[in-house]
$ cat structure-v8.txt   # compact mmCIF, C-alpha atoms and all ligand atoms
# COMPACT_ATOMS: atom_id res chain seq x y z
CA MET G 478 40.86 32.16 -31.96
CA ALA G 479 44.51 33.09 -31.59
CA SER G 480 46.02 34.74 -28.53
CA VAL G 481 46.50 37.94 -30.61
CA ASP G 482 42.70 38.23 -30.99
CA PHE G 483 42.55 39.07 -27.28
CA PRO G 484 43.90 42.17 -25.53
CA GLU G 485 47.27 41.82 -23.82
CA VAL G 486 47.34 42.23 -20.06
CA PRO G 487 50.10 44.61 -18.89
CA ILE G 488 51.59 42.32 -16.23
CA PRO G 489 54.42 44.30 -14.58
CA VAL G 490 57.99 43.14 -15.19
CA LEU G 491 59.89 43.22 -11.95
CA ASP G 492 63.67 42.97 -11.42
CA ILE G 493 64.01 41.45 -7.96
CA SER G 494 67.84 41.43 -7.92
CA PRO G 495 68.23 44.70 -5.92
CA PHE G 496 66.43 43.02 -3.04
CA PHE G 497 69.35 40.58 -2.72
CA SER G 498 72.18 42.94 -3.58
CA GLU G 499 74.53 44.06 -0.80
CA SER G 500 75.13 47.32 -2.58
CA ALA G 501 71.44 48.22 -2.92
CA SER G 502 70.01 50.81 -0.55
CA ALA G 503 67.10 50.18 1.82
CA GLU G 504 64.95 52.35 -0.48
CA GLU G 505 65.82 50.24 -3.52
CA LYS G 506 64.89 47.06 -1.64
CA GLN G 507 61.71 48.64 -0.41
CA LYS G 508 60.82 49.56 -3.98
CA VAL G 509 61.10 45.90 -5.07
CA ALA G 510 58.74 44.87 -2.26
CA HIS G 511 56.34 47.70 -3.05
CA ASP G 512 56.24 46.91 -6.79
CA PHE G 513 55.74 43.22 -6.00
CA ASP G 514 52.77 44.11 -3.79
CA GLN G 515 51.24 46.34 -6.47
CA ALA G 516 51.60 43.69 -9.20
CA PHE G 517 50.00 40.95 -7.13
CA ARG G 518 47.21 43.17 -5.83
CA LYS G 519 46.21 44.16 -9.33
CA TYR G 520 46.92 41.01 -11.35
CA GLY G 521 47.89 38.12 -9.06
CA PHE G 522 50.75 37.80 -11.55
CA ALA G 523 54.19 39.32 -12.16
CA CYS G 524 56.96 38.67 -14.68
CA ILE G 525 60.22 38.36 -12.80
CA SER G 526 63.65 39.30 -14.13
CA GLY G 527 66.87 39.39 -12.11
CA HIS G 528 65.68 36.00 -10.79
CA GLY G 529 69.08 34.32 -10.53
CA VAL G 530 68.00 31.14 -12.36
CA ASP G 531 70.72 29.63 -14.58
CA MET G 532 69.23 29.84 -18.07
CA ASP G 533 71.63 27.17 -19.38
CA ILE G 534 69.85 24.72 -17.08
CA VAL G 535 66.50 25.96 -18.39
CA ASN G 536 67.65 25.42 -21.98
CA ARG G 537 68.87 21.91 -21.14
CA VAL G 538 65.63 20.82 -19.50
CA GLU G 539 63.61 22.31 -22.35
CA GLN G 540 65.67 20.48 -24.96
CA GLU G 541 65.35 17.20 -23.04
CA ALA G 542 61.60 17.72 -22.63
CA ARG G 543 61.18 18.41 -26.36
CA ASN G 544 63.16 15.22 -27.09
CA PHE G 545 60.84 13.29 -24.80
CA PHE G 546 57.61 14.68 -26.27
CA SER G 547 58.79 14.16 -29.86
CA GLN G 548 58.78 10.36 -29.36
CA PRO G 549 55.95 8.15 -30.64
CA ALA G 550 52.95 7.84 -28.30
CA GLN G 551 53.71 4.20 -27.47
CA GLU G 552 57.14 5.20 -26.08
CA LYS G 553 55.70 8.01 -23.97
CA THR G 554 52.84 5.99 -22.51
CA LYS G 555 55.41 3.62 -20.96
CA PHE G 556 55.94 6.45 -18.48
CA ASN G 557 52.27 6.79 -17.63
CA CYS G 558 53.22 5.38 -14.24
CA SER G 559 50.29 6.51 -12.14
CA LYS G 560 47.59 6.22 -14.84
CA ASN G 561 46.33 9.71 -14.05
CA TYR G 562 47.46 13.30 -13.64
CA GLY G 563 48.41 14.18 -10.11
CA ASN G 564 50.69 11.36 -9.07
CA GLY G 565 53.64 11.72 -11.38
CA GLY G 566 54.67 10.53 -14.82
CA TYR G 567 53.34 11.02 -18.33
CA THR G 568 49.76 12.11 -19.05
CA GLY G 569 48.73 11.75 -22.70
CA LEU G 570 47.01 14.23 -24.98
CA LYS G 571 43.40 14.96 -23.94
CA SER G 572 43.65 12.80 -20.80
CA GLU G 573 43.40 15.71 -18.42
CA THR G 574 40.45 18.03 -17.75
CA VAL G 575 41.57 20.81 -15.45
CA SER G 576 38.49 23.02 -15.86
CA VAL G 577 35.18 22.08 -14.29
CA ASN G 578 33.49 22.46 -17.71
CA GLY G 579 34.55 18.89 -18.38
CA VAL G 580 36.24 19.44 -21.77
CA SER G 581 39.53 17.55 -22.26
CA ASP G 582 42.65 19.66 -22.50
CA HIS G 583 44.73 19.65 -25.68
CA VAL G 584 47.97 19.04 -23.82
CA GLU G 585 50.31 16.25 -22.81
CA SER G 586 52.54 16.50 -19.77
CA VAL G 587 55.15 14.90 -17.58
CA GLU G 588 54.76 15.54 -13.90
CA PHE G 589 57.25 15.13 -11.09
CA ARG G 590 55.84 15.24 -7.60
CA GLY G 591 57.89 16.33 -4.66
CA ASN G 592 58.23 14.48 -1.43
CA GLY G 593 58.71 17.83 0.25
CA ASN G 594 61.61 19.39 -1.64
CA GLU G 595 62.91 15.99 -2.85
CA MET G 596 62.02 15.30 -6.45
CA VAL G 597 60.47 11.86 -6.87
CA VAL G 598 61.29 10.04 -10.11
CA PRO G 599 58.11 8.13 -10.91
CA CYS G 600 58.71 4.69 -12.51
CA GLU G 601 61.93 3.51 -14.13
CA GLY G 602 63.60 3.71 -17.50
CA TRP G 603 63.78 7.48 -18.02
CA ASN G 604 66.60 8.90 -20.07
CA GLN G 605 69.34 9.81 -17.57
CA ASP G 606 70.19 13.17 -19.21
CA PHE G 607 66.51 14.11 -18.98
CA MET G 608 66.39 13.29 -15.26
CA ASP G 609 69.69 15.09 -14.55
CA ALA G 610 68.40 18.20 -16.30
CA VAL G 611 65.04 18.10 -14.48
CA LYS G 612 66.75 17.69 -11.10
CA ALA G 613 69.10 20.59 -11.80
CA TYR G 614 66.11 22.73 -12.78
CA TRP G 615 64.20 21.65 -9.66
CA GLY G 616 67.03 23.01 -7.50
CA GLN G 617 67.01 26.30 -9.39
CA VAL G 618 63.27 26.74 -8.89
CA GLU G 619 63.54 25.95 -5.19
CA GLY G 620 66.14 28.72 -4.87
CA LEU G 621 63.97 31.21 -6.74
CA SER G 622 60.91 30.31 -4.65
CA MET G 623 62.75 31.03 -1.44
CA ARG G 624 63.85 34.42 -2.84
CA ILE G 625 60.28 35.22 -3.88
CA LEU G 626 59.06 34.46 -0.35
CA LYS G 627 61.54 36.93 1.13
CA VAL G 628 60.25 39.65 -1.15
CA ALA G 629 56.66 38.59 -0.38
CA ALA G 630 57.25 38.83 3.39
CA ALA G 631 58.67 42.35 3.00
CA ALA G 632 55.74 43.32 0.76
CA LEU G 633 53.25 42.06 3.37
CA GLU G 634 55.18 43.77 6.17
CA VAL G 635 55.50 40.56 8.16
CA PRO G 636 58.84 39.40 9.67
CA GLU G 637 61.30 38.31 6.96
CA ASN G 638 61.33 34.73 8.30
CA PHE G 639 57.50 34.56 8.34
CA PHE G 640 57.24 31.84 5.69
CA ASP G 641 60.15 29.72 6.98
CA GLU G 642 58.12 27.42 9.22
CA PHE G 643 55.70 26.65 6.37
CA TYR G 644 58.39 26.07 3.75
CA ASN G 645 60.70 23.85 5.79
CA PRO G 646 60.54 21.83 3.67
CA ILE G 647 58.87 23.42 0.67
CA GLN G 648 56.32 21.31 -1.25
CA MET G 649 57.15 21.38 -4.95
CA ASP G 650 55.65 19.75 -8.01
CA LEU G 651 56.85 20.22 -11.57
CA ARG G 652 54.68 19.90 -14.66
CA LEU G 653 56.37 19.88 -18.06
CA ALA G 654 53.56 20.68 -20.46
CA ASN G 655 53.61 20.29 -24.23
CA TYR G 656 50.75 21.92 -26.14
CA PRO G 657 50.82 20.45 -29.65
CA CYS G 658 50.37 22.97 -32.43
CA VAL G 659 46.91 22.68 -33.98
CA LYS G 660 47.24 23.50 -37.70
CA ASP G 661 43.57 24.26 -38.15
CA ARG G 662 41.20 25.15 -35.31
CA VAL G 663 38.40 23.08 -36.89
CA GLU G 664 40.45 19.94 -36.14
CA ILE G 665 39.43 20.15 -32.47
CA PRO G 666 36.03 20.74 -30.80
CA ASP G 667 35.09 24.40 -30.24
CA ALA G 668 35.37 24.46 -26.47
CA THR G 669 38.77 22.75 -26.39
CA MET G 670 41.48 24.61 -24.55
CA GLY G 671 45.20 23.92 -24.28
CA TYR G 672 44.49 23.97 -20.54
CA GLY G 673 41.04 24.90 -19.28
CA ALA G 674 40.17 27.69 -16.85
CA HIS G 675 41.44 27.05 -13.31
CA THR G 676 43.24 28.58 -10.39
CA ASP G 677 46.46 27.06 -9.06
CA TYR G 678 46.13 25.10 -5.86
CA THR G 679 49.04 26.01 -3.63
CA GLY G 680 51.53 28.87 -3.12
CA PHE G 681 53.37 30.72 -5.89
CA THR G 682 53.58 29.07 -9.29
CA VAL G 683 56.89 29.59 -11.08
CA LEU G 684 56.20 29.36 -14.81
CA LYS G 685 58.84 29.29 -17.50
CA ALA G 686 56.55 29.91 -20.45
CA ASP G 687 57.39 29.57 -24.11
CA TYR G 688 58.64 32.99 -25.30
CA GLU G 689 57.71 32.30 -28.90
CA VAL G 690 54.34 30.54 -28.78
CA GLN G 691 51.82 32.48 -26.68
CA GLY G 692 48.62 31.09 -25.18
CA LEU G 693 48.38 31.89 -21.47
CA GLN G 694 45.40 34.06 -20.57
CA VAL G 695 44.01 35.51 -17.37
CA LEU G 696 40.53 36.46 -16.24
CA LEU G 697 41.08 39.22 -13.72
CA PRO G 698 38.67 39.47 -10.76
CA GLY G 699 35.51 41.31 -11.77
CA GLU G 700 36.34 41.19 -15.51
CA THR G 701 34.68 39.17 -18.26
CA THR G 702 37.32 39.46 -21.00
CA TRP G 703 40.18 37.02 -21.22
CA LYS G 704 43.54 38.74 -21.67
CA THR G 705 46.76 37.28 -23.02
CA VAL G 706 49.93 37.23 -20.92
CA ILE G 707 53.08 37.88 -22.97
CA PRO G 708 56.22 37.27 -20.91
CA PRO G 709 59.34 39.18 -22.01
CA GLU G 710 62.21 36.88 -22.97
CA GLY G 711 64.32 35.82 -19.99
CA THR G 712 61.56 36.30 -17.40
CA PHE G 713 59.59 33.88 -15.27
CA ILE G 714 55.88 34.34 -14.76
CA ILE G 715 54.94 34.08 -11.09
CA ASN G 716 51.33 33.82 -9.98
CA SER G 717 49.61 33.37 -6.68
CA GLY G 718 47.78 30.12 -6.01
CA ASP G 719 44.83 29.53 -3.69
CA LEU G 720 46.89 29.38 -0.50
CA ILE G 721 48.35 32.82 -1.22
CA GLY G 722 44.79 34.10 -1.63
CA ILE G 723 43.88 32.64 1.76
CA TRP G 724 47.05 33.91 3.47
CA THR G 725 46.57 37.43 2.11
CA ASN G 726 42.75 37.61 2.30
CA ASP G 727 42.71 38.01 -1.50
CA ARG G 728 44.98 41.05 -1.41
CA TRP G 729 46.96 38.82 -3.79
CA PRO G 730 44.13 36.84 -5.42
CA SER G 731 44.43 33.38 -6.93
CA VAL G 732 43.50 34.46 -10.45
CA VAL G 733 41.69 32.25 -12.96
CA HIS G 734 43.79 31.48 -16.02
CA ARG G 735 43.81 29.16 -19.01
CA VAL G 736 45.89 28.28 -22.05
CA LEU G 737 44.49 28.53 -25.58
CA PRO G 738 45.24 25.71 -27.97
CA CYS G 739 48.25 26.89 -29.91
CA GLY G 740 48.11 27.40 -33.67
CA PRO G 741 50.61 28.37 -36.38
CA LEU G 742 52.85 31.41 -35.77
CA PRO G 743 52.45 34.49 -38.00
CA ASP G 744 55.28 33.20 -40.21
CA GLY G 745 53.37 29.94 -40.71
CA ARG G 746 55.52 27.66 -38.56
CA CYS G 747 53.50 25.25 -36.47
CA LYS G 748 55.48 24.83 -33.27
CA ASP G 749 54.38 23.08 -30.09
CA ARG G 750 54.24 25.29 -27.00
CA LEU G 751 56.36 24.05 -24.11
CA SER G 752 56.04 25.30 -20.56
CA LEU G 753 57.76 24.33 -17.33
CA VAL G 754 55.26 24.83 -14.53
CA SER G 755 56.52 24.58 -10.96
CA PHE G 756 53.92 24.60 -8.22
CA THR G 757 55.61 25.70 -5.02
CA GLY G 758 53.94 25.91 -1.67
CA PRO G 759 54.00 25.26 2.04
CA ASN G 760 54.42 21.65 3.18
CA TYR G 761 51.23 19.61 3.53
CA ALA G 762 51.26 19.76 7.33
CA SER G 763 50.87 23.55 7.30
CA GLN G 764 47.81 25.37 8.59
CA ILE G 765 47.17 28.41 6.42
CA GLU G 766 45.32 31.37 7.85
CA CYS G 767 45.11 35.04 7.10
CA VAL G 768 48.36 36.87 7.95
CA PRO G 769 47.89 39.55 10.62
CA THR G 770 48.66 42.43 8.26
CA CYS G 771 45.88 41.36 5.84
CA VAL G 772 42.98 40.79 8.27
CA GLY G 773 41.44 44.25 7.66
CA GLU G 774 37.67 43.94 8.13
CA GLY G 775 38.03 40.24 8.92
CA ALA G 776 39.33 37.04 7.33
CA ARG G 777 37.28 35.82 4.33
CA TYR G 778 38.50 32.25 4.55
CA LYS G 779 38.57 29.71 7.33
CA PRO G 780 42.04 28.33 8.09
CA VAL G 781 42.88 25.37 5.86
CA ASN G 782 45.32 22.53 5.99
CA ALA G 783 47.64 22.77 2.96
CA GLY G 784 47.60 19.02 2.20
CA GLU G 785 43.82 18.70 2.49
CA HIS G 786 43.30 21.73 0.29
CA PHE G 787 45.57 20.25 -2.37
CA GLN G 788 43.74 16.91 -2.35
CA GLN G 789 40.35 18.61 -2.59
CA ARG G 790 41.47 20.77 -5.48
CA LEU G 791 42.84 17.78 -7.38
CA VAL G 792 39.31 16.39 -7.54
CA ALA G 793 37.14 19.52 -7.72
CA GLY G 794 37.70 23.03 -9.12
CA ARG G 795 36.93 26.24 -7.25
CA TYR G 796 36.26 28.05 -10.51
CA LYS G 797 32.60 28.00 -11.53
CA GLY G 798 33.39 27.14 -15.11
CA ASP G 799 33.20 28.33 -18.70
CA ASP G 800 30.20 28.05 -20.98
CA LYS G 801 30.32 25.42 -23.69
CA ASP G 802 32.34 27.68 -26.03
CA GLY G 803 35.04 28.15 -23.45
CA ASN G 804 34.02 31.72 -22.58
CA ALA G 805 33.86 32.98 -19.04
CA LYS G 806 30.40 32.83 -17.50
O1 LIG G 901 51.31 26.42 -19.60
C1 LIG G 901 51.03 27.49 -19.07
O2 LIG G 901 51.37 28.58 -19.54
C2 LIG G 901 50.25 27.52 -17.78
C3 LIG G 901 49.86 26.18 -17.26
C4 LIG G 901 49.07 26.24 -16.01
O3 LIG G 901 48.33 27.15 -15.78
C5 LIG G 901 49.20 25.17 -15.01
O4 LIG G 901 49.90 24.17 -15.27
O5 LIG G 901 48.61 25.30 -13.93
FE FE G 902 47.76 27.15 -13.70

$ encode --input "structure-v8.txt" --output "structure tokens"
Amino acid sequence: MASVDFPEVPIPVLDISPFFSESASAEEKQKVAHDFDQAFRKYGFACISGHGVDMDIVNRVEQEARNFFSQPAQEKTKFNCSKNYGNGGYTGLKSETVSVNGVSDHVESVEFRGNGNEMVVPCEGWNQDFMDAVKAYWGQVEGLSMRILKVAAAALEVPENFFDEFYNPIQMDLRLANYPCVKDRVEIPDATMGYGAHTDYTGFTVLKADYEVQGLQVLLPGETTWKTVIPPEGTFIINSGDLIGIWTNDRWPSVVHRVLPCGPLPDGRCKDRLSLVSFTGPNYASQIECVPTCVGEGARYKPVNAGEHFQQRLVAGRYKGDDKDGNAK
């Protein structure tokens, strides 16, 4: 089961730079907002170019992360500071089970939690170059998130400062995920995923996916076929988490997605898949309720507290689960 055995989903690629350009016309800015709205209505996902993120910083953090993951297990487990996913530090291969089907994920990760927008370094002894690179990347993602929210506000036709009160400060968490290449699919149980089916818990997720090793798939609302997301080089994948679904009354749904275990590339190389996953959202004190322009026939969700929602989602999934072979029910 390789990602090429599934159809590709045509996630729109959106250049958001005109929205922030002084020389762009009002129509050009409006077009960015309109295209953003269309992408999220249809897919809950967009691939963003013209994002303004310094790709040298991305390359640095990726190199440092690959250095970290290439160490022997006993070195990495020293950084298993919180003994579980969700509180920061290293989580070993098959320790996490993100899907409610209960099958361990074929992934290892390092997670940095935010105290608001401040990155918390969990435990001591990390390589300093690694931490410097991660912090620099954190700042870049925060900048991009704030730009995304401006486009989102225009797309929803709410005042441009609508999100400010919720994102002052922003709540960010960063997950560096390494999906080890599986040479032969029979080496792992049938239902094993790189990362099982789930929705993201908070606001927009900013994903720097591996451009070479594919594996991310979506299950669009009302569909039963998983489709592979292939991000063009240089883009970030943005998707809406649960709180965006609640804010927008599912105009921009929080779409179920998963990652297949990665196998050898067509040329035979067996390369781990690395992704940098930044969960960005309103601070935990925020009350999230349907925005006025999305109420329509009435709000589908009761208002929620952002922090409580996050805690609930850490322990229980909203997705009803896959069958034992990892297919959508
Ligand atoms: O690694 C990926 O491409 C996506 C990971 C993901 O969905 C997540 O961390 O929530
Ligand atoms: Fe996710």

$ residues_around --input "structure-v8.txt" --residues "G:His734" --least-positions-apart "6" --cutoff "6 Å" --atoms "all atoms listed in the file" --output "PyMOL selection string"
chain G and resi 674-675+694-696

$ residues_near_point --input "structure-v8.txt" --point "(56.0, 23.0, -20.0)" --cutoff "9 Å" --atoms "all atoms listed in the file" --output "list in words"
Glu539, Ala542, Ser586, Val587, Leu651, Arg652, Leu653, Ala654, Asn655, Tyr656, Leu684, Lys685, Ala686, Asp687, Arg750, Leu751, Ser752, Leu753 and Val754 of chain G

$ axis_aligned_box --input "structure-v8.txt" --around "stretch 490-501 of chain G" --padding-each-side "8 Å" --output "AutoDock Vina command-line options"
--center_x 66.6 --center_y 44.4 --center_z -8.0 --size_x 33.1 --size_y 23.6 --size_z 30.4

$ residues_near_point --input "structure-v8.txt" --point "(58.1, 44.8, 6.6)" --cutoff "12 Å" --atoms "only C-alpha atoms" --output "list in words"
Ala503, Lys506, Gln507, Lys508, Ala510, His511, Asp514, Lys627, Val628, Ala629, Ala630, Ala631, Ala632, Leu633, Glu634, Val635, Pro636, Glu637, Asn638, Phe639 and Thr770 of chain G

$ atom_distance --input "structure-v8.txt" --atom1 "atom CA of G:Asn592" --atom2 "atom CA of G:Thr712"
27.2 Å

$ closest_residue --input "structure-v8.txt" --among "G:Pro646, G:Gly740, G:Gly680, G:Pro549" --to "ligand FE 902 (chain G)" --atoms "all atoms listed in the file"
G:Gly680

$ residues_around --input "structure-v8.txt" --residues "G:Asn760" --least-positions-apart "3" --cutoff "6 Å" --atoms "only C-alpha atoms" --output "list in words"
Tyr644, Ile647, Gln648 and Ser763 of chain G

$ closest_residue --input "structure-v8.txt" --among "G:Gly565, G:Pro730, G:Gly673, G:Pro495" --to "ligand FE 902 (chain G)" --atoms "all atoms listed in the file"
G:Gly673

$ atom_distance --input "structure-v8.txt" --atom1 "atom CA of G:Gly579" --atom2 "atom CA of G:Tyr567"
20.4 Å

$ residues_around --input "structure-v8.txt" --residues "G:Thr568" --least-positions-apart "4" --cutoff "9 Å" --atoms "all atoms listed in the file" --output "number ranges by chain"
G: 553-554, 556-562, 572-573, 584-588

$ residues_near_ligand --input "structure-v8.txt" --ligand "ligand FE 902 (chain G)" --cutoff "10 Å" --atoms "all atoms listed in the file" --output "list in words"
Val575, Tyr672, Gly673, Ala674, His675, Thr676, Asp677, Tyr678, Thr682, Val683, Leu684, Leu693, Val695, Asn716, Ser717, Gly718, Ser731, Val732, Val733, His734, Arg735, Val736, Val754, Ser755 and Phe756 of chain G

$ closest_residue --input "structure-v8.txt" --among "G:Glu664, G:Asp719, G:Asp492, G:Asp531" --to "ligand LIG 901 (chain G)" --atoms "all atoms listed in the file"
G:Asp719

$ closest_residue --input "structure-v8.txt" --among "G:Met623, G:Gly671, G:Pro487, G:Ile493" --to "G:Asp582" --atoms "all atoms listed in the file"
G:Gly671

$ atom_distance --input "structure-v8.txt" --atom1 "atom CA of G:Thr701" --atom2 "atom CA of G:Leu791"
25.3 Å

$ closest_residue --input "structure-v8.txt" --among "G:Lys571, G:Arg624, G:Lys555, G:Arg777" --to "G:Glu601" --atoms "all atoms listed in the file"
G:Lys555

$ closest_residue --input "structure-v8.txt" --among "G:Ile723, G:Val577, G:Ile714, G:Cys771" --to "ligand LIG 901 (chain G)" --atoms "all atoms listed in the file"
G:Ile714

$ residues_around --input "structure-v8.txt" --residues "G:Gly620" --least-positions-apart "6" --cutoff "10 Å" --atoms "all atoms listed in the file" --output "compact mmCIF listing (two decimals) with C-alpha atoms, in the frame of the given file"
# COMPACT_ATOMS: atom_id res chain seq x y z
CA HIS G 528 65.68 36.00 -10.79
CA GLY G 529 69.08 34.32 -10.53
CA VAL G 530 68.00 31.14 -12.36
CA TYR G 614 66.11 22.73 -12.78

$ residues_around --input "structure-v8.txt" --residues "stretch 744-747 of chain G" --least-positions-apart "4" --cutoff "10 Å" --atoms "only C-alpha atoms" --output "PyMOL selection string"
chain G and resi 657-660+690+739-740

$ build_atoms --input "structure-v8.txt" --residues "stretch 513-521 of chain G" --atoms "all heavy atoms" --output "PDB file, in the coordinates of the input"
ATOM      1  N   PHE G 513      56.237  44.603  -6.075  1.00  0.00           N
ATOM      2  CA  PHE G 513      55.740  43.220  -6.000  1.00  0.00           C
ATOM      3  C   PHE G 513      54.296  43.245  -5.465  1.00  0.00           C
ATOM      4  O   PHE G 513      53.385  42.639  -6.023  1.00  0.00           O
ATOM      5  CB  PHE G 513      56.662  42.422  -5.079  1.00  0.00           C
ATOM      6  CG  PHE G 513      56.398  40.947  -5.024  1.00  0.00           C
ATOM      7  CD1 PHE G 513      57.072  40.062  -5.867  1.00  0.00           C
ATOM      8  CD2 PHE G 513      55.497  40.409  -4.102  1.00  0.00           C
ATOM      9  CE1 PHE G 513      56.846  38.691  -5.805  1.00  0.00           C
ATOM     10  CE2 PHE G 513      55.255  39.045  -4.036  1.00  0.00           C
ATOM     11  CZ  PHE G 513      55.942  38.182  -4.894  1.00  0.00           C
ATOM     12  N   ASP G 514      54.104  43.993  -4.399  1.00  0.00           N
ATOM     13  CA  ASP G 514      52.770  44.110  -3.790  1.00  0.00           C
ATOM     14  C   ASP G 514      51.764  44.656  -4.805  1.00  0.00           C
ATOM     15  O   ASP G 514      50.665  44.110  -4.969  1.00  0.00           O
ATOM     16  CB  ASP G 514      52.859  45.021  -2.559  1.00  0.00           C
ATOM     17  CG  ASP G 514      51.540  45.102  -1.813  1.00  0.00           C
ATOM     18  OD1 ASP G 514      50.864  44.066  -1.673  1.00  0.00           O
ATOM     19  OD2 ASP G 514      51.181  46.214  -1.366  1.00  0.00           O
ATOM     20  N   GLN G 515      52.154  45.711  -5.499  1.00  0.00           N
ATOM     21  CA  GLN G 515      51.240  46.340  -6.470  1.00  0.00           C
ATOM     22  C   GLN G 515      50.857  45.362  -7.589  1.00  0.00           C
ATOM     23  O   GLN G 515      49.692  45.274  -7.974  1.00  0.00           O
ATOM     24  CB  GLN G 515      51.886  47.596  -7.088  1.00  0.00           C
ATOM     25  CG  GLN G 515      52.072  48.719  -6.104  1.00  0.00           C
ATOM     26  CD  GLN G 515      50.755  49.203  -5.514  1.00  0.00           C
ATOM     27  OE1 GLN G 515      49.806  49.487  -6.235  1.00  0.00           O
ATOM     28  NE2 GLN G 515      50.660  49.266  -4.200  1.00  0.00           N
ATOM     29  N   ALA G 516      51.859  44.629  -8.099  1.00  0.00           N
ATOM     30  CA  ALA G 516      51.600  43.690  -9.200  1.00  0.00           C
ATOM     31  C   ALA G 516      50.624  42.609  -8.762  1.00  0.00           C
ATOM     32  O   ALA G 516      49.654  42.306  -9.466  1.00  0.00           O
ATOM     33  CB  ALA G 516      52.910  43.056  -9.669  1.00  0.00           C
ATOM     34  N   PHE G 517      50.859  42.059  -7.577  1.00  0.00           N
ATOM     35  CA  PHE G 517      50.000  40.950  -7.130  1.00  0.00           C
ATOM     36  C   PHE G 517      48.622  41.432  -6.711  1.00  0.00           C
ATOM     37  O   PHE G 517      47.632  40.728  -6.888  1.00  0.00           O
ATOM     38  CB  PHE G 517      50.702  40.119  -6.053  1.00  0.00           C
ATOM     39  CG  PHE G 517      51.670  39.156  -6.679  1.00  0.00           C
ATOM     40  CD1 PHE G 517      52.984  39.509  -6.888  1.00  0.00           C
ATOM     41  CD2 PHE G 517      51.236  37.930  -7.153  1.00  0.00           C
ATOM     42  CE1 PHE G 517      53.862  38.645  -7.529  1.00  0.00           C
ATOM     43  CE2 PHE G 517      52.092  37.060  -7.806  1.00  0.00           C
ATOM     44  CZ  PHE G 517      53.421  37.413  -7.990  1.00  0.00           C
ATOM     45  N   ARG G 518      48.540  42.630  -6.167  1.00  0.00           N
ATOM     46  CA  ARG G 518      47.210  43.170  -5.830  1.00  0.00           C
ATOM     47  C   ARG G 518      46.360  43.314  -7.078  1.00  0.00           C
ATOM     48  O   ARG G 518      45.178  43.005  -7.085  1.00  0.00           O
ATOM     49  CB  ARG G 518      47.350  44.583  -5.220  1.00  0.00           C
ATOM     50  CG  ARG G 518      47.635  44.610  -3.749  1.00  0.00           C
ATOM     51  CD  ARG G 518      47.746  46.081  -3.343  1.00  0.00           C
ATOM     52  NE  ARG G 518      48.253  46.238  -2.005  1.00  0.00           N
ATOM     53  CZ  ARG G 518      47.488  46.522  -0.938  1.00  0.00           C
ATOM     54  NH1 ARG G 518      46.194  46.670  -1.065  1.00  0.00           N
ATOM     55  NH2 ARG G 518      48.045  46.663   0.241  1.00  0.00           N
ATOM     56  N   LYS G 519      46.971  43.825  -8.135  1.00  0.00           N
ATOM     57  CA  LYS G 519      46.210  44.160  -9.330  1.00  0.00           C
ATOM     58  C   LYS G 519      45.983  42.952 -10.244  1.00  0.00           C
ATOM     59  O   LYS G 519      44.923  42.809 -10.846  1.00  0.00           O
ATOM     60  CB  LYS G 519      46.951  45.260 -10.099  1.00  0.00           C
ATOM     61  CG  LYS G 519      46.088  45.990 -11.063  1.00  0.00           C
ATOM     62  CD  LYS G 519      46.672  47.344 -11.422  1.00  0.00           C
ATOM     63  CE  LYS G 519      45.823  47.954 -12.539  1.00  0.00           C
ATOM     64  NZ  LYS G 519      46.454  49.063 -13.175  1.00  0.00           N
ATOM     65  N   TYR G 520      46.990  42.089 -10.351  1.00  0.00           N
ATOM     66  CA  TYR G 520      46.920  41.010 -11.350  1.00  0.00           C
ATOM     67  C   TYR G 520      47.044  39.602 -10.769  1.00  0.00           C
ATOM     68  O   TYR G 520      46.737  38.633 -11.465  1.00  0.00           O
ATOM     69  CB  TYR G 520      48.037  41.194 -12.388  1.00  0.00           C
ATOM     70  CG  TYR G 520      47.992  42.518 -13.091  1.00  0.00           C
ATOM     71  CD1 TYR G 520      48.885  43.540 -12.758  1.00  0.00           C
ATOM     72  CD2 TYR G 520      47.047  42.764 -14.084  1.00  0.00           C
ATOM     73  CE1 TYR G 520      48.840  44.770 -13.396  1.00  0.00           C
ATOM     74  CE2 TYR G 520      46.995  43.984 -14.734  1.00  0.00           C
ATOM     75  CZ  TYR G 520      47.893  44.984 -14.388  1.00  0.00           C
ATOM     76  OH  TYR G 520      47.833  46.199 -15.021  1.00  0.00           O
ATOM     77  N   GLY G 521      47.586  39.471  -9.553  1.00  0.00           N
ATOM     78  CA  GLY G 521      47.890  38.120  -9.060  1.00  0.00           C
ATOM     79  C   GLY G 521      49.023  37.485  -9.846  1.00  0.00           C
ATOM     80  O   GLY G 521      49.285  36.288  -9.718  1.00  0.00           O
TER      81      GLY G 521
END
